[in-house]
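What follows is the content of data_13.txt (compact mmCIF, C-alpha atoms).
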```txt
# COMPACT_ATOMS: atom_id res chain seq x y z
CA MET A 1313 -29.04 -22.43 14.38
CA VAL A 1314 -27.86 -25.09 16.70
CA LYS A 1315 -27.62 -28.64 15.54
CA ILE A 1316 -27.59 -31.18 18.30
CA MET A 1317 -25.11 -33.86 17.47
CA VAL A 1318 -24.53 -35.99 20.46
CA LYS A 1319 -26.00 -36.15 23.93
CA ILE A 1320 -24.27 -38.27 26.50
CA GLU A 1321 -25.58 -39.15 29.92
CA ILE A 1322 -22.89 -38.84 32.54
CA LYS A 1323 -23.53 -41.14 35.46
CA GLU A 1324 -20.27 -42.80 36.28
CA GLU A 1325 -16.58 -42.50 35.66
CA TYR A 1326 -16.50 -44.49 32.49
CA ASP A 1327 -18.97 -42.08 30.86
CA ILE A 1328 -16.21 -39.46 31.02
CA VAL A 1329 -14.26 -41.50 28.49
CA THR A 1330 -17.37 -41.90 26.32
CA ALA A 1331 -17.90 -38.13 26.36
CA ARG A 1332 -14.38 -37.14 25.50
CA VAL A 1333 -14.01 -39.78 22.77
CA ALA A 1334 -17.29 -38.56 21.23
CA ALA A 1335 -16.18 -34.91 21.47
CA LYS A 1336 -12.88 -35.67 19.80
CA GLU A 1337 -14.65 -37.60 17.07
CA GLU A 1338 -17.09 -34.74 16.39
CA ALA A 1339 -14.26 -32.21 16.39
CA LYS A 1340 -12.37 -34.31 13.89
CA LYS A 1341 -15.43 -34.66 11.66
CA LEU A 1342 -15.89 -30.91 11.71
CA GLY A 1343 -12.35 -30.48 10.48
CA PHE A 1344 -10.60 -29.28 13.63
CA GLY A 1345 -6.85 -29.95 13.72
CA ILE A 1346 -5.27 -32.30 16.21
CA VAL A 1347 -4.39 -29.53 18.69
CA ASP A 1348 -7.96 -28.21 18.80
CA GLN A 1349 -9.29 -31.77 18.99
CA THR A 1350 -7.10 -32.28 22.04
CA ARG A 1351 -8.16 -28.95 23.59
CA ILE A 1352 -11.84 -29.84 23.11
CA ALA A 1353 -11.45 -33.41 24.37
CA THR A 1354 -9.55 -32.18 27.43
CA ALA A 1355 -12.23 -29.60 28.21
CA VAL A 1356 -14.98 -32.21 27.86
CA SER A 1357 -13.07 -34.66 30.03
CA GLU A 1358 -12.78 -32.01 32.72
CA LEU A 1359 -16.44 -30.93 32.55
CA ALA A 1360 -17.62 -34.55 32.62
CA ARG A 1361 -15.41 -35.30 35.61
CA ASN A 1362 -16.87 -32.31 37.44
CA ILE A 1363 -20.33 -33.79 36.87
CA VAL A 1364 -19.29 -37.18 38.25
CA ASP A 1365 -17.34 -35.74 41.20
CA TYR A 1366 -19.72 -33.01 42.31
CA ALA A 1367 -23.20 -33.71 40.95
CA GLY A 1368 -23.21 -37.48 40.54
CA GLU A 1369 -24.98 -37.30 37.22
CA GLY A 1370 -25.70 -34.97 34.38
CA VAL A 1371 -25.56 -34.57 30.65
CA ILE A 1372 -22.97 -33.51 28.09
CA GLU A 1373 -24.24 -32.17 24.80
CA ILE A 1374 -22.05 -31.71 21.77
CA ASN A 1375 -23.45 -29.38 19.12
CA ILE A 1376 -22.36 -27.76 15.91
CA VAL A 1377 -22.92 -23.99 15.93
CA ARG A 1378 -22.75 -21.41 13.17
CA THR A 1379 -22.31 -17.71 13.69
CA GLU A 1380 -24.54 -16.57 10.88
CA ALA A 1381 -27.86 -18.07 11.86
CA VAL A 1382 -27.64 -16.87 15.44
CA GLU A 1383 -28.68 -13.24 14.95
CA GLY A 1384 -31.97 -12.16 16.41
CA GLY A 1385 -34.10 -15.18 15.85
CA SER A 1386 -32.61 -17.71 18.17
CA SER A 1387 -35.05 -18.28 20.99
CA SER A 1388 -32.38 -19.60 23.29
CA GLY A 1389 -30.14 -16.63 22.65
CA LYS A 1390 -27.27 -19.02 22.40
CA GLY A 1391 -24.26 -17.81 20.56
CA SER A 1392 -25.13 -14.14 20.76
CA ARG A 1393 -21.62 -13.52 21.96
CA SER A 1394 -20.31 -14.54 18.59
CA GLU A 1395 -21.17 -11.03 17.41
CA ARG A 1396 -18.17 -9.78 19.25
CA HIS A 1397 -16.03 -11.45 16.64
CA GLY A 1398 -17.46 -8.92 14.24
CA GLU A 1399 -17.06 -11.16 11.27
CA ALA A 1400 -19.43 -11.23 8.36
CA GLU A 1401 -18.68 -14.67 7.06
CA GLU A 1402 -20.14 -17.80 8.51
CA ARG A 1403 -18.09 -19.56 11.12
CA LEU A 1404 -18.38 -23.09 12.33
CA GLY A 1405 -17.83 -24.11 15.87
CA LEU A 1406 -18.30 -26.92 18.31
CA GLU A 1407 -20.42 -26.15 21.34
CA ILE A 1408 -20.28 -28.24 24.48
CA ILE A 1409 -22.93 -27.97 27.15
CA ALA A 1410 -22.40 -29.68 30.47
CA ALA A 1411 -25.48 -29.62 32.68
CA ASP A 1412 -26.33 -31.18 35.99
CA ASN A 1413 -28.84 -30.84 38.80
CA GLY A 1414 -26.18 -31.12 41.45
CA PRO A 1415 -25.44 -28.93 44.46
CA GLY A 1416 -24.37 -25.95 42.35
CA ILE A 1417 -21.36 -23.73 42.87
CA GLU A 1418 -21.45 -21.23 45.69
CA ASP A 1419 -18.71 -18.92 44.53
CA ILE A 1420 -18.26 -19.13 40.76
CA GLU A 1421 -15.45 -16.58 40.67
CA LYS A 1422 -13.54 -18.62 43.16
CA ALA A 1423 -14.25 -21.87 41.32
CA LEU A 1424 -12.60 -20.34 38.26
CA GLU A 1425 -9.42 -19.51 40.13
CA ASP A 1426 -6.51 -21.85 39.66
CA GLY A 1427 -5.67 -23.87 42.69
CA TYR A 1428 -9.16 -23.77 44.14
CA SER A 1429 -10.88 -27.09 44.61
CA THR A 1430 -13.45 -28.44 46.98
CA GLY A 1431 -13.14 -31.91 45.56
CA GLY A 1432 -9.53 -32.70 46.31
CA GLY A 1433 -8.46 -32.26 42.70
CA LEU A 1434 -5.82 -29.98 41.28
CA GLY A 1435 -8.26 -27.10 41.21
CA ILE A 1436 -7.38 -26.00 37.70
CA GLY A 1437 -10.43 -27.57 36.09
CA LEU A 1438 -12.82 -24.73 35.23
CA GLY A 1439 -10.20 -22.04 34.75
CA GLY A 1440 -8.29 -24.44 32.54
CA VAL A 1441 -11.38 -25.23 30.49
CA ARG A 1442 -11.95 -21.50 29.99
CA ARG A 1443 -8.40 -21.10 28.70
CA LEU A 1444 -8.69 -24.02 26.29
CA MET A 1445 -11.92 -22.84 24.66
CA ASP A 1446 -12.94 -19.63 22.84
CA GLU A 1447 -16.18 -19.00 24.69
CA PHE A 1448 -17.07 -19.91 28.24
CA GLU A 1449 -20.31 -19.35 30.11
CA ILE A 1450 -21.36 -20.73 33.43
CA GLN A 1451 -24.66 -20.60 35.26
CA SER A 1452 -24.99 -22.12 38.66
CA ASN A 1453 -27.49 -21.92 41.44
CA VAL A 1454 -26.89 -23.51 44.79
CA GLY A 1455 -29.23 -26.44 45.23
CA GLU A 1456 -30.34 -26.37 41.61
CA GLY A 1457 -27.40 -27.28 39.49
CA THR A 1458 -24.75 -26.06 37.13
CA LYS A 1459 -24.65 -25.44 33.41
CA VAL A 1460 -21.44 -24.75 31.58
CA ARG A 1461 -21.40 -23.81 27.93
CA VAL A 1462 -18.19 -23.63 25.96
CA VAL A 1463 -17.49 -23.10 22.28
CA LYS A 1464 -14.44 -23.64 20.12
CA TRP A 1465 -14.53 -21.82 16.80
CA LYS A 1466 -12.86 -23.25 13.78
CA ARG A 1467 -10.04 -21.20 12.43
CA ILE A 1468 -10.60 -20.31 8.82
CA MET B 644 -31.47 -45.73 28.71
CA LYS B 645 -28.27 -47.54 29.35
CA SER B 646 -25.72 -45.36 30.99
CA GLY B 647 -22.69 -44.66 28.91
CA SER B 648 -24.41 -44.97 25.61
CA VAL B 649 -24.37 -42.21 23.06
CA LEU B 650 -27.97 -41.15 22.82
CA ALA B 651 -28.17 -39.38 19.52
CA ALA B 652 -24.97 -40.02 17.73
CA GLY B 653 -24.97 -39.63 14.01
CA SER B 654 -21.65 -41.35 13.78
CA GLU B 655 -21.33 -43.90 11.10
CA HIS B 656 -17.64 -43.43 10.75
CA ALA B 657 -15.37 -46.20 9.71
CA GLU B 658 -12.47 -44.77 11.66
CA GLU B 659 -14.22 -45.22 14.95
CA THR B 660 -11.71 -46.48 17.37
CA LYS B 661 -12.13 -49.67 19.27
CA ARG B 662 -12.28 -47.55 22.36
CA THR B 663 -15.22 -45.54 21.04
CA ARG B 664 -17.14 -48.65 20.20
CA MET B 665 -16.37 -50.14 23.55
CA ALA B 666 -17.42 -46.95 25.27
CA GLU B 667 -20.61 -46.69 23.25
CA LYS B 668 -21.62 -50.13 24.31
CA GLY B 669 -20.88 -49.21 27.87
CA GLU B 670 -18.40 -52.03 28.08
CA ARG B 671 -15.45 -51.98 30.32
CA PRO B 672 -12.70 -54.48 30.35
CA ALA B 673 -13.20 -56.87 33.22
CA SER B 674 -9.89 -56.80 35.01
CA GLU B 675 -7.60 -54.39 33.25
CA ARG B 676 -4.03 -54.20 34.39
CA ILE B 677 -1.30 -52.05 32.98
CA PRO B 678 1.76 -54.21 32.37
CA ILE B 679 5.01 -53.22 34.05
CA LEU B 680 8.22 -54.46 32.43
CA GLN B 681 11.77 -54.42 33.68
CA ILE B 682 14.64 -53.12 31.60
CA GLU B 683 18.06 -52.94 33.24
CA ASP B 684 17.53 -51.39 36.66
CA PHE B 685 14.40 -49.62 35.55
CA LEU B 686 10.72 -50.28 35.18
CA LEU B 687 8.92 -49.53 31.96
CA THR B 688 5.19 -49.12 31.67
CA SER B 689 2.98 -47.81 28.92
CA ILE B 690 -0.51 -46.48 29.52
CA GLN B 691 -2.59 -47.55 26.53
CA VAL B 692 -6.10 -47.52 27.95
CA PRO B 693 -8.09 -44.67 29.44
CA LEU B 694 -7.32 -44.45 33.13
CA HIS B 695 -10.22 -44.42 35.53
CA ASP B 696 -10.15 -44.26 39.31
CA ARG B 697 -10.03 -47.98 40.00
CA LEU B 698 -7.46 -48.71 37.32
CA ALA B 699 -5.35 -45.76 38.42
CA LEU B 700 -5.26 -46.99 42.02
CA GLN B 701 -4.43 -50.52 40.86
CA PHE B 702 -1.68 -49.09 38.67
CA GLN B 703 -0.20 -47.13 41.59
CA ARG B 704 -0.23 -50.23 43.80
CA ASP B 705 1.28 -52.42 41.09
CA ILE B 706 4.08 -49.96 40.44
CA LEU B 707 5.00 -49.59 44.11
CA GLN B 708 4.95 -53.34 44.68
CA THR B 709 7.07 -53.95 41.60
CA ILE B 710 9.55 -51.33 42.79
CA GLU B 711 9.81 -53.11 46.12
CA ARG B 712 10.21 -56.52 44.52
CA THR B 713 12.71 -55.54 41.84
CA ARG B 714 14.64 -52.82 43.70
CA ALA B 715 14.31 -50.75 40.55
CA LYS B 716 16.07 -47.38 40.44
CA GLY B 717 13.98 -45.67 37.83
CA LEU B 718 10.51 -45.66 36.34
CA LEU B 719 9.62 -44.86 32.76
CA ILE B 720 5.96 -44.13 32.06
CA ASP B 721 5.11 -43.98 28.38
CA ILE B 722 2.02 -41.90 27.59
CA THR B 723 2.33 -41.86 23.80
CA ALA B 724 -1.01 -43.63 23.48
CA ILE B 725 -2.87 -41.19 25.72
CA ASP B 726 -4.90 -38.69 23.75
CA VAL B 727 -6.07 -36.52 26.63
CA VAL B 728 -4.08 -35.52 29.68
CA ASP B 729 -6.60 -33.87 31.97
CA SER B 730 -6.22 -32.81 35.59
CA PHE B 731 -7.17 -36.30 36.78
CA ILE B 732 -4.44 -38.13 34.92
CA THR B 733 -1.95 -35.42 35.81
CA ARG B 734 -2.75 -35.91 39.47
CA ILE B 735 -2.30 -39.68 39.11
CA LEU B 736 1.07 -39.29 37.39
CA VAL B 737 2.32 -36.71 39.87
CA GLU B 738 1.23 -38.94 42.77
CA ILE B 739 2.95 -41.99 41.32
CA ALA B 740 6.14 -39.99 40.85
CA LYS B 741 5.98 -38.73 44.44
CA MET B 742 5.37 -42.20 45.85
CA ALA B 743 8.12 -43.71 43.71
CA SER B 744 10.43 -40.92 44.80
CA LEU B 745 9.83 -41.84 48.44
CA MET B 746 11.10 -45.28 47.52
CA GLY B 747 14.21 -43.84 45.91
CA VAL B 748 12.97 -44.17 42.38
CA LYS B 749 13.16 -41.45 39.75
CA THR B 750 10.19 -41.15 37.39
CA VAL B 751 10.47 -40.04 33.79
CA ILE B 752 7.41 -39.49 31.61
CA VAL B 753 7.98 -40.45 28.02
CA GLY B 754 6.11 -39.58 24.85
CA LEU B 755 4.38 -36.26 25.41
CA ARG B 756 2.99 -35.48 21.98
CA PRO B 757 3.03 -31.87 20.68
CA GLU B 758 -0.74 -31.38 21.00
CA ILE B 759 -0.63 -32.69 24.55
CA SER B 760 2.18 -30.31 25.50
CA ILE B 761 0.32 -27.34 24.02
CA THR B 762 -2.89 -28.30 25.82
CA LEU B 763 -1.13 -28.88 29.14
CA VAL B 764 0.48 -25.44 29.10
CA GLU B 765 -2.76 -23.64 28.17
CA PHE B 766 -4.74 -25.71 30.59
CA GLY B 767 -2.35 -24.77 33.37
CA VAL B 768 -1.24 -28.23 34.41
CA GLU B 769 2.18 -28.67 35.88
CA PHE B 770 4.14 -31.87 36.15
CA ASN B 771 5.77 -30.84 39.38
CA GLY B 772 8.75 -32.98 40.21
CA ILE B 773 8.54 -35.20 37.16
CA GLU B 774 10.99 -35.25 34.31
CA THR B 775 9.52 -35.47 30.84
CA VAL B 776 11.42 -36.51 27.74
CA LEU B 777 10.56 -36.98 24.10
CA ASN B 778 11.07 -40.70 23.68
CA LEU B 779 12.04 -43.93 25.36
CA GLU B 780 15.67 -43.69 24.31
CA LYS B 781 16.09 -40.27 25.92
CA GLY B 782 14.25 -41.53 28.98
CA LEU B 783 16.62 -44.46 29.37
CA GLU B 784 19.61 -42.17 28.81
CA MET B 785 18.39 -39.86 31.52
CA LEU B 786 17.83 -42.64 34.03
CA ARG B 787 21.21 -44.24 33.28
CA ALA B 788 22.95 -40.90 33.80
CA TRP B 789 21.00 -40.29 36.97
CA LYS B 790 21.83 -43.74 38.30
CA LYS B 791 25.50 -43.25 37.56
CA GLY B 792 25.51 -39.93 39.36
CA ASP B 793 23.71 -41.44 42.31
CA TYR B 794 26.07 -44.37 42.49
CA GLY B 795 28.95 -41.93 42.13
CA GLU B 796 27.93 -40.15 45.31
CA ASN B 797 27.16 -43.19 47.38
CA TYR B 798 29.41 -45.93 46.12
CA GLY B 799 32.10 -43.92 44.35
CA GLU B 800 34.99 -45.89 45.77
CA ASN B 801 33.56 -49.24 44.89
CA ARG B 802 33.00 -48.47 41.27
CA ASP B 803 35.26 -50.08 38.70
```
Let me see the structure of the file written as structure tokens.
Amino acid sequence: MVKIMVKIEIKEEYDIVTARVAAKEEAKKLGFGIVDQTRIATAVSELARNIVDYAGEGVIEINIVRTEAVEGGSSSGKGSRSERHGEAEERLGLEIIAADNGPGIEDIEKALEDGYSTGGGLGIGLGGVRRLMDEFEIQSNVGEGTKVRVVKWKRI
Amino acid sequence: MKSGSVLAAGSEHAEETKRTRMAEKGERPASERIPILQIEDFLLTSIQVPLHDRLALQFQRDILQTIERTRAKGLLIDITAIDVVDSFITRILVEIAKMASLMGVKTVIVGLRPEISITLVEFGVEFNGIETVLNLEKGLEMLRAWKKGDYGENYGENRD
């Protein structure tokens, strides 16, 4: 089961702040500690900036996810990876989806390498986001857009 | 739909920061400036608002002009109030330090909170060429020592 909490349109720079403040707020509400709140907010900041810099506009979605309800039934198949944790008890997590209809990423592997940037940035964005979060998925098609999904699970 | 608004927020939380509310309304302060103060031979500035491109560029310009005007020897940038240090703000800070360094000014970043340090390391960000210290006092100490050393090399004979 995925509960959509917040959806933020990213159109300009200032929306990046809106997105990361909202993400931090939701993380705090869910009971994440200050370090995880900061990890999540940093990841959201980075994903939102990618949208502004590369695609111009897009959307950031912040959702609450649970491991238990995911099995089998979920039509979207989201969260199926949580099975790899192999835990019976329910876990809570915060899922962030960053989606845009921008130019897409030609070489995803390369985009994940540190030091690679086509936008004049530091080039640690996506790889850094992957390190900060527990789950990381990216789908991108040139000319169609990019969708990044990350999850941070709450430590019990 | 107004850009910058939270579309489906279920947030009725009292602890909402002023920043959140401002952001939700899509407001942005008209002509923000980050104040730059002088203390001894050094400049002190504290970033208390989220940096965006325009503000960051203004901040860079202001710092460099103040350095020129005051002949400052050191620059203390306090980031205690910053809750997220992403690759954008890192780039801004590193650039400011590089520019200041070209003008003979040493930059010290003050107030890196524990969660920020942890996140920076995991994220993979490096503050190349910038000193970071825990608090303002240590930052001042460092700059004073550095200034002394510098004066020692260049003006050693003239010192009292």
Using all atoms listed in the file, can you list as a PDB file with C-alpha atoms, in the coordinates of the input the residues within 10 Å of (14.6, -53.5, 40.8)?
```
ATOM      1  CA  GLN B 681      11.770 -54.420  33.680  1.00  0.00           C
ATOM      2  CA  ILE B 682      14.640 -53.120  31.600  1.00  0.00           C
ATOM      3  CA  GLU B 683      18.060 -52.940  33.240  1.00  0.00           C
ATOM      4  CA  ASP B 684      17.530 -51.390  36.660  1.00  0.00           C
ATOM      5  CA  PHE B 685      14.400 -49.620  35.550  1.00  0.00           C
ATOM      6  CA  LEU B 686      10.720 -50.280  35.180  1.00  0.00           C
ATOM      7  CA  THR B 709       7.070 -53.950  41.600  1.00  0.00           C
ATOM      8  CA  ILE B 710       9.550 -51.330  42.790  1.00  0.00           C
ATOM      9  CA  GLU B 711       9.810 -53.110  46.120  1.00  0.00           C
ATOM     10  CA  ARG B 712      10.210 -56.520  44.520  1.00  0.00           C
ATOM     11  CA  THR B 713      12.710 -55.540  41.840  1.00  0.00           C
ATOM     12  CA  ARG B 714      14.640 -52.820  43.700  1.00  0.00           C
ATOM     13  CA  ALA B 715      14.310 -50.750  40.550  1.00  0.00           C
ATOM     14  CA  LYS B 716      16.070 -47.380  40.440  1.00  0.00           C
ATOM     15  CA  GLY B 717      13.980 -45.670  37.830  1.00  0.00           C
ATOM     16  CA  LEU B 718      10.510 -45.660  36.340  1.00  0.00           C
ATOM     17  CA  VAL B 748      12.970 -44.170  42.380  1.00  0.00           C
TER      18      VAL B 748
END
```
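Interatomic distance, CA of Trp789 in chain B to CA of Pro678 in chain B: 24.2 Å.
For the pair CA of Asn778 in chain B and CA of Val728 in chain B, the interatomic distance is 17.1 Å.
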- prompt: From the set A:Leu1438, A:Val1454, A:Ile1468, A:Leu1406, which residue has the shortest atom-to-atom contact distance to Ala1367 in chain A, counting all atoms listed in the file?
  reply: A:Val1454
message: Residues near Ile720 in chain B, anyone? I mean within 12 Å using only C-alpha atoms, not counting same-chain ones fewer than 3 positions away, as a PyMOL selection string.
response: chain B and resi 677-681+685-691+702-703+706+717+723-725+735-737+739-740+743+749-755+773-779+782-783
Could I get the residues of chain A with an atom no further than 10 Å from an atom of chain B, each paired with its nearest atom pair and that distance in Å to one decimal, using all atoms listed in the file, sorted by chain and residue number, as CSV?
```
residue,atom,partner,partner_atom,distance
A:Ile1316,CA,B:Ala651,CA,8.3
A:Met1317,CA,B:Ala652,CA,6.2
A:Val1318,CA,B:Ala652,CA,4.9
A:Lys1319,CA,B:Leu650,CA,5.5
A:Ile1320,CA,B:Val649,CA,5.2
A:Glu1321,CA,B:Ser646,CA,6.3
A:Ile1322,CA,B:Gly647,CA,6.9
A:Lys1323,CA,B:Ser646,CA,6.5
A:Glu1324,CA,B:Gly647,CA,8.0
A:Glu1325,CA,B:His695,CA,6.6
A:Tyr1326,CA,B:His695,CA,7.0
A:Asp1327,CA,B:Gly647,CA,4.9
A:Ile1328,CA,B:Gly647,CA,8.6
A:Val1329,CA,B:Pro693,CA,7.0
A:Thr1330,CA,B:Ala666,CA,5.2
A:Ala1331,CA,B:Val649,CA,8.3
A:Arg1332,CA,B:Val727,CA,8.4
A:Val1333,CA,B:Thr663,CA,6.1
A:Ala1334,CA,B:Thr663,CA,7.3
A:Lys1336,CA,B:Asp726,CA,9.4
A:Glu1337,CA,B:Glu659,CA,7.9
A:Glu1338,CA,B:Ser654,CA,8.4
A:Lys1341,CA,B:His656,CA,9.1
A:Gly1345,CA,B:Glu758,CA,9.6
A:Ile1346,CA,B:Glu758,CA,6.7
A:Val1347,CA,B:Glu758,CA,4.7
A:Asp1348,CA,B:Glu758,CA,8.2
A:Gln1349,CA,B:Glu758,CA,8.8
A:Thr1350,CA,B:Val727,CA,6.3
A:Arg1351,CA,B:Thr762,CA,5.8
A:Ile1352,CA,B:Thr762,CA,9.5
A:Ala1353,CA,B:Val727,CA,6.6
A:Thr1354,CA,B:Val727,CA,5.6
A:Ala1355,CA,B:Asp729,CA,8.0
A:Val1356,CA,B:Asp729,CA,9.5
A:Ser1357,CA,B:Asp729,CA,6.8
A:Glu1358,CA,B:Asp729,CA,6.5
A:Arg1361,CA,B:Phe731,CA,8.4
A:Glu1373,CA,B:Ala651,CA,9.8
A:Ile1374,CA,B:Ala652,CA,9.7
A:Asp1426,CA,B:Gly767,CA,8.1
A:Gly1427,CA,B:Gly767,CA,9.9
A:Gly1433,CA,B:Phe731,CA,7.3
A:Leu1434,CA,B:Ser730,CA,6.4
A:Gly1435,CA,B:Ser730,CA,8.3
A:Ile1436,CA,B:Gly767,CA,6.8
A:Gly1437,CA,B:Ser730,CA,6.7
A:Leu1438,CA,B:Phe766,CA,9.4
A:Gly1439,CA,B:Phe766,CA,7.8
A:Gly1440,CA,B:Phe766,CA,4.2
A:Val1441,CA,B:Phe766,CA,6.7
A:Arg1442,CA,B:Phe766,CA,8.4
A:Arg1443,CA,B:Phe766,CA,6.2
A:Leu1444,CA,B:Phe766,CA,6.1
A:Met1445,CA,B:Phe766,CA,9.7
```
field: Distance in Å - CA of Gly792 in chain B versus CA of Asp705 in chain B
entry: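 Atom-to-atom, CA of Gly792 in chain B to CA of Asp705 in chain B, that is 27.3 Å.
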